[in-house]
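The structure appears below as structure tokens.
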Amino acid sequence: MIKKDENINQLQNDLQECMKELSLMKGILPKVSQERDFMWEEVKNYSEKNMLLNSEVNTLKKKVETLDEDILMKEGQITILKDSIGKPFDLLASPDSTREFLLE
């Protein structure tokens with residue numbers, strides 16, 4: 001009989017400890033839930049910012065490609081101009097071609 005009473009007392013003590021822990025957890029739960037909701041909003045905001053930044057990166061990549069193409073074209077034009085320096089310049093209005101035109 002004494003052992004049963006001891007077991008009952010031990011179970012009651014365990015129950016009281018569990019009730020204290022449960023009360024403590026009930027107090028913490030709203031704070032944790034609030035923090036979770038706040039973090040979820042931050043995740044959504046960062047996700048949106050990330051999407052916008054990725055779009056901007058793609059736009060800038062296209063602009064860089066266009067500028068690279070422009071550079072190549074300008075370099076080609078410069079090369080053509082450099083190659084033409086020192087060579088006779090022959091257009092319809094040049095004196096040589098005008099004489100040839102008049103002779104025909």
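Letters A, B, ... go to the chains of the structure tokens in the order shown; residues in each chain start at 1; ligands are counted from 1 in the same order.
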Near segment 8-21 of chain A, 12 Å: segment 26-88 of chain A residue rows, closest pairs, only C-alpha atoms, as a tab-separated table:
residue	atom	partner	partner_atom	distance
A:Lys26	CA	A:Glu21	CA	8.6
A:Gly27	CA	A:Glu21	CA	9.9
A:Ile28	CA	A:Glu21	CA	10.6
